[in-house]
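Trainee: Please see the structure below; I have some questions.
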Amino acid sequence: MPKLPTTFQSLDLTGFEDKNQRHNAITREMVDVACSVLQKNRIGIVVRSVQAALKHIYGLGGSAETVCQLLKEWRSENLAALKSGKGEKDLITAIVEASDDGLLDDSDIPEEYLQAQRQMAIAGYRLAYQKADTSVAGDRIQTLVNENDLLKTQLKDFPQLRMELEFYKAEAERQRIELREAYLNINKQQLADSETFRAQLEGLQNERNDLILKNNELGKQIAEMAEIQGKAVERDGEIAKLNGQLEAREREVMEMREQIQNLQTESGQKLVLESQLTTVQEQLKQANETITLLQVQLQEKSTSELQVDIDVDALVAERDSLELKVKELESQVGKRNKNKQPAGVNG
């Protein structure tokens with residue numbers, strides 16, 4: 001039988017169920033399907049090829065230890081099914097086909113091993129033949145036949161089991177070497193990651209300490225700002241109060257200025273009236289003196305003898321007019337004085 005490959009680019013999944021559903025772990029059923037797919041595609045069944053098939057079918061390769069254990073169970077069950085006679089082929093053919101996984105060509109089997117097995121089979125057959133006795137009862141013959149079948153079965157199973165043992169030993173050694181290398185790489189990576197993590201942790205701790213200090217400083221500044229804001233609010237209240245008082249004072253000043261202006265106006269008018277009054281009084285005095293002088297002259301002389309160029313009646317009328325004007329001016333000056341006195345008291 002030709003040697004089968006253990007690698008592939010793609011697999012023909014025709015006739016199998018759609019296995020595109022999500023899985024979290026490798027199960028025996030998944031390994032059975034993968035082995036069936038590999039047998040259909042004439043791919044050698046080994047741990048690596050089964051892992052590749054699982055990843056191709058399910059997207060999940062699984063660990064080598066898990067796949068190896070499940071593959072061993074699959075081989076044992078297939079061999080047990082062949083031993084129990086489940087199948088249409090004879091036992092020898094079925095065992096040969098079951099043991100032929102395509103990984104070992106017939107020419108790869110050592111000739112010495114084949115010769116030794118052939119000699120063991122001949123020796124066993126000869127011993128059985130020498131012990132055979134035609135006079136032995138039917139039960140004895142049947143017992144010998146059963147023992148012979150058992151011996152043949154053991155002899156046939158021994159090479160396959162030894163081959164599987166050697167294969168599993170080699171596979172276990174290979175996996176042990178790979179695991180050791182993986183552990184070494186993981187330890188190196190973890191050491192590098194730990195150094196990096198330590199440096200990052202120290203940096204984060206330093207940043208945290210800086211942030212705590214800044215936070216404390218900001219807290220103090222906020223407390224100071226709150227205190228300053230409270231004082232500012234108090235000062236704003238005082239300023240508002242002072243502004244109100246200032247506005248009231250300004251209104252009082254404006255009123256006082258208006259009163260002063262009014263008083264100044266009235267004072268000016270009073271001075272004018274007093275000046276007019278003084279002038280009128282002088283005129284009245286002169287008129288009285290003129291009238292008095294004329295009256296004296298009239299008494300001294302008769303009317304026929306006196307020749308006066310002055311009209312006495314006109315002077316009398318003028319005097320009366322001046323007296324009225326004096327009274328009117330005195331009345332206005334009195335009113336001005338009355339109006340001025342309350343203003344002075346209020347000031």
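Ordered as shown in the structure tokens, chains take letters A, B, and onward, while each chain numbers its residues from 1 and ligands are numbered from 1 in the order shown.
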Quick one: everything within 6 Å of region 279-295 of chain A, counting only C-alpha atoms, minus sequence neighbours fewer than 3 positions away in the same chain. Send it as a list of chain:residue names.
Mentor: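 Close residues of region 279-295 of chain A: A:Gln276, A:Leu298, A:Arg319, A:Leu322.
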Trainee: Since we have the selection now, will you write its residues out, keeping all heavy atoms, as a tab-separated table (two decimals), in the first residue's frame?
Mentor:
```tsv
chain	number	residue	atom	x	y	z
A	276	GLN	N	-33.01	148.63	44.03
A	276	GLN	CA	-34.13	149.45	43.53
A	276	GLN	C	-34.81	150.21	44.67
A	276	GLN	O	-35.19	151.39	44.53
A	276	GLN	CB	-35.14	148.56	42.79
A	276	GLN	CG	-34.60	147.97	41.49
A	276	GLN	CD	-35.60	147.04	40.83
A	276	GLN	OE1	-36.68	146.78	41.41
A	276	GLN	NE2	-35.26	146.54	39.65
A	298	LEU	N	-44.40	178.40	49.84
A	298	LEU	CA	-45.78	178.81	49.62
A	298	LEU	C	-46.33	179.49	50.85
A	298	LEU	O	-47.16	180.41	50.77
A	298	LEU	CB	-46.64	177.59	49.24
A	298	LEU	CG	-46.43	177.03	47.82
A	298	LEU	CD1	-47.23	175.77	47.63
A	298	LEU	CD2	-46.87	178.07	46.79
A	319	ARG	N	-44.39	161.64	44.18
A	319	ARG	CA	-44.09	161.16	45.51
A	319	ARG	C	-44.99	160.00	45.90
A	319	ARG	O	-44.54	159.00	46.47
A	319	ARG	CB	-44.25	162.32	46.51
A	319	ARG	CG	-43.78	161.93	47.92
A	319	ARG	CD	-44.18	162.99	48.90
A	319	ARG	NE	-45.63	163.07	49.01
A	319	ARG	CZ	-46.28	163.93	49.80
A	319	ARG	NH1	-45.62	164.79	50.55
A	319	ARG	NH2	-47.60	163.98	49.84
A	322	LEU	N	-43.85	157.02	44.21
A	322	LEU	CA	-42.64	156.46	44.81
A	322	LEU	C	-42.96	155.77	46.12
A	322	LEU	O	-42.36	154.71	46.44
A	322	LEU	CB	-41.63	157.56	45.03
A	322	LEU	CG	-40.98	158.15	43.74
A	322	LEU	CD1	-40.11	159.35	44.07
A	322	LEU	CD2	-40.17	157.08	43.03
```
Trainee: I want to know what sits within 12 Å of Thr14 (chain A), based on only C-alpha atoms, with residues of the same chain fewer than 5 positions away left out; could you give that as a list in words?
Mentor: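 The filter keeps Lys19, Ser36, Val37, Lys40, Asn41 and Ile57 of chain A.
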Trainee: Using CA of Ala25 (chain A) and CA of Arg75 (chain A) as the two end points, give the distance in Å to one decimal.
Mentor: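 One can read the CA of Ala25 (chain A) to CA of Arg75 (chain A) distance as 20.6 Å.
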Trainee: Between CA of Glu147 (chain A) and CA of Ala121 (chain A), measure the distance and give it in Å to one decimal.
Mentor: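 It comes out at 14.0 Å.
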Trainee: I want to know what sits within 9 Å of Asp32 (chain A), based on only C-alpha atoms, with residues of the same chain fewer than 4 positions away left out; could you give that as a list in words?
Mentor: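 Selected residues are Thr27, Arg28, Ser36, Val37, Leu70, Leu71 and Trp74 of chain A.
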Trainee: Excluding Glu328 (chain A) and residues on its chain fewer than 4 positions from it, collect all residues at most 12 Å away from it, counting only C-alpha atoms, and give them as a list in words.
Mentor: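 Here the answer would be Leu273, Glu274, Gln276, Leu277, Val280, Gln281, Ser321, Leu322, Glu323, Leu324, Gln332, Val333, Gly334 and Lys335 of chain A.
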Trainee: Given the selection you just returned, output its residues as a file containing all heavy atoms, formatted as a tab-separated table (two decimals), in the first residue's frame.
Mentor:
```
chain	number	residue	atom	x	y	z
A	273	LEU	N	-33.70	144.02	44.20
A	273	LEU	CA	-34.84	144.72	44.80
A	273	LEU	C	-34.37	145.72	45.84
A	273	LEU	O	-34.90	146.85	45.94
A	273	LEU	CB	-35.79	143.70	45.43
A	273	LEU	CG	-36.55	142.79	44.45
A	273	LEU	CD1	-37.36	141.76	45.21
A	273	LEU	CD2	-37.49	143.64	43.55
A	274	GLU	N	-33.36	145.30	46.65
A	274	GLU	CA	-32.85	146.23	47.65
A	274	GLU	C	-32.22	147.47	47.01
A	274	GLU	O	-32.35	148.60	47.48
A	274	GLU	CB	-31.82	145.51	48.53
A	274	GLU	CG	-32.46	144.50	49.49
A	274	GLU	CD	-31.43	143.77	50.31
A	274	GLU	OE1	-30.22	143.93	50.02
A	274	GLU	OE2	-31.82	143.04	51.27
A	276	GLN	N	-33.01	148.63	44.03
A	276	GLN	CA	-34.13	149.45	43.53
A	276	GLN	C	-34.81	150.21	44.67
A	276	GLN	O	-35.19	151.39	44.53
A	276	GLN	CB	-35.14	148.56	42.79
A	276	GLN	CG	-34.60	147.97	41.49
A	276	GLN	CD	-35.60	147.04	40.83
A	276	GLN	OE1	-36.68	146.78	41.41
A	276	GLN	NE2	-35.26	146.54	39.65
A	277	LEU	N	-34.97	149.49	45.80
A	277	LEU	CA	-35.61	150.12	46.95
A	277	LEU	C	-34.80	151.32	47.44
A	277	LEU	O	-35.36	152.39	47.76
A	277	LEU	CB	-35.79	149.09	48.07
A	277	LEU	CG	-36.41	149.62	49.37
A	277	LEU	CD1	-37.83	150.16	49.11
A	277	LEU	CD2	-36.48	148.50	50.42
A	280	VAL	N	-35.26	154.13	45.00
A	280	VAL	CA	-36.60	154.73	45.13
A	280	VAL	C	-36.71	155.54	46.40
A	280	VAL	O	-37.32	156.63	46.46
A	280	VAL	CB	-37.67	153.63	45.06
A	280	VAL	CG1	-39.05	154.20	45.38
A	280	VAL	CG2	-37.69	153.01	43.67
A	281	GLN	N	-36.09	154.97	47.48
A	281	GLN	CA	-36.14	155.71	48.75
A	281	GLN	C	-35.40	157.05	48.62
A	281	GLN	O	-35.83	158.07	49.17
A	281	GLN	CB	-35.52	154.86	49.86
A	281	GLN	CG	-36.42	153.70	50.31
A	281	GLN	CD	-35.76	152.83	51.35
A	281	GLN	OE1	-34.54	152.97	51.60
A	281	GLN	NE2	-36.56	151.93	51.96
A	321	SER	N	-46.44	158.03	43.97
A	321	SER	CA	-46.05	156.84	43.17
A	321	SER	C	-44.82	156.18	43.77
A	321	SER	O	-44.71	154.95	43.86
A	321	SER	CB	-45.78	157.27	41.73
A	321	SER	OG	-45.30	156.17	40.99
A	322	LEU	N	-43.85	157.02	44.21
A	322	LEU	CA	-42.64	156.46	44.81
A	322	LEU	C	-42.96	155.77	46.12
A	322	LEU	O	-42.36	154.71	46.44
A	322	LEU	CB	-41.63	157.56	45.03
A	322	LEU	CG	-40.98	158.15	43.74
A	322	LEU	CD1	-40.11	159.35	44.07
A	322	LEU	CD2	-40.17	157.08	43.03
A	323	GLU	N	-43.86	156.29	46.91
A	323	GLU	CA	-44.24	155.62	48.15
A	323	GLU	C	-44.86	154.25	47.89
A	323	GLU	O	-44.57	153.27	48.60
A	323	GLU	CB	-45.20	156.53	48.93
A	323	GLU	CG	-44.54	157.76	49.53
A	323	GLU	CD	-45.53	158.65	50.27
A	323	GLU	OE1	-46.75	158.33	50.17
A	323	GLU	OE2	-45.10	159.59	50.94
A	324	LEU	N	-45.74	154.22	46.90
A	324	LEU	CA	-46.33	152.90	46.54
A	324	LEU	C	-45.26	151.90	46.11
A	324	LEU	O	-45.28	150.71	46.46
A	324	LEU	CB	-47.36	153.09	45.43
A	324	LEU	CG	-48.63	153.85	45.84
A	324	LEU	CD1	-49.52	154.09	44.61
A	324	LEU	CD2	-49.42	153.07	46.90
A	332	GLN	N	-41.85	142.79	48.78
A	332	GLN	CA	-41.11	141.70	48.09
A	332	GLN	C	-39.88	141.29	48.88
A	332	GLN	O	-39.56	140.10	48.99
A	332	GLN	CB	-40.71	142.19	46.69
A	332	GLN	CG	-41.90	142.34	45.74
A	332	GLN	CD	-41.47	142.83	44.36
A	332	GLN	OE1	-40.28	143.03	44.11
A	332	GLN	NE2	-42.46	143.04	43.48
A	333	VAL	N	-39.17	142.30	49.45
A	333	VAL	CA	-37.99	141.97	50.24
A	333	VAL	C	-38.38	141.16	51.47
A	333	VAL	O	-37.71	140.20	51.87
A	333	VAL	CB	-37.24	143.25	50.63
A	333	VAL	CG1	-36.15	142.93	51.66
A	333	VAL	CG2	-36.64	143.91	49.41
A	334	GLY	N	-39.52	141.47	52.10
A	334	GLY	CA	-39.99	140.70	53.25
A	334	GLY	C	-40.29	139.25	52.87
A	334	GLY	O	-39.97	138.31	53.60
A	335	LYS	N	-40.93	139.10	51.72
A	335	LYS	CA	-41.22	137.73	51.26
A	335	LYS	C	-39.93	136.95	51.01
A	335	LYS	O	-39.82	135.77	51.33
A	335	LYS	CB	-42.07	137.78	50.00
A	335	LYS	CG	-43.49	138.27	50.25
A	335	LYS	CD	-44.26	138.27	48.94
A	335	LYS	CE	-45.72	138.75	49.18
A	335	LYS	NZ	-46.49	138.78	47.92
```
Trainee: Name the residues in contact with Val47 (chain A) at a cut-off of 9 Å, using only C-alpha atoms, excluding same-chain residues fewer than 6 positions from it; report them as an MDAnalysis selection string.
Mentor: chainID A and resid 64 67:68 71 171
Trainee: Closest to Arg22 (chain A) among A:Leu54, A:Ala314, A:Ile177, A:Leu60, using only C-alpha atoms?
Mentor: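 Residue with the minimum atom-to-atom distance to Arg22 (chain A): A:Leu60.
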Trainee: How many Å separate CA of Ile26 (chain A) from CA of His56 (chain A)?
Mentor: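 Going from CA of Ile26 (chain A) over to CA of His56 (chain A), I get 13.1 Å.
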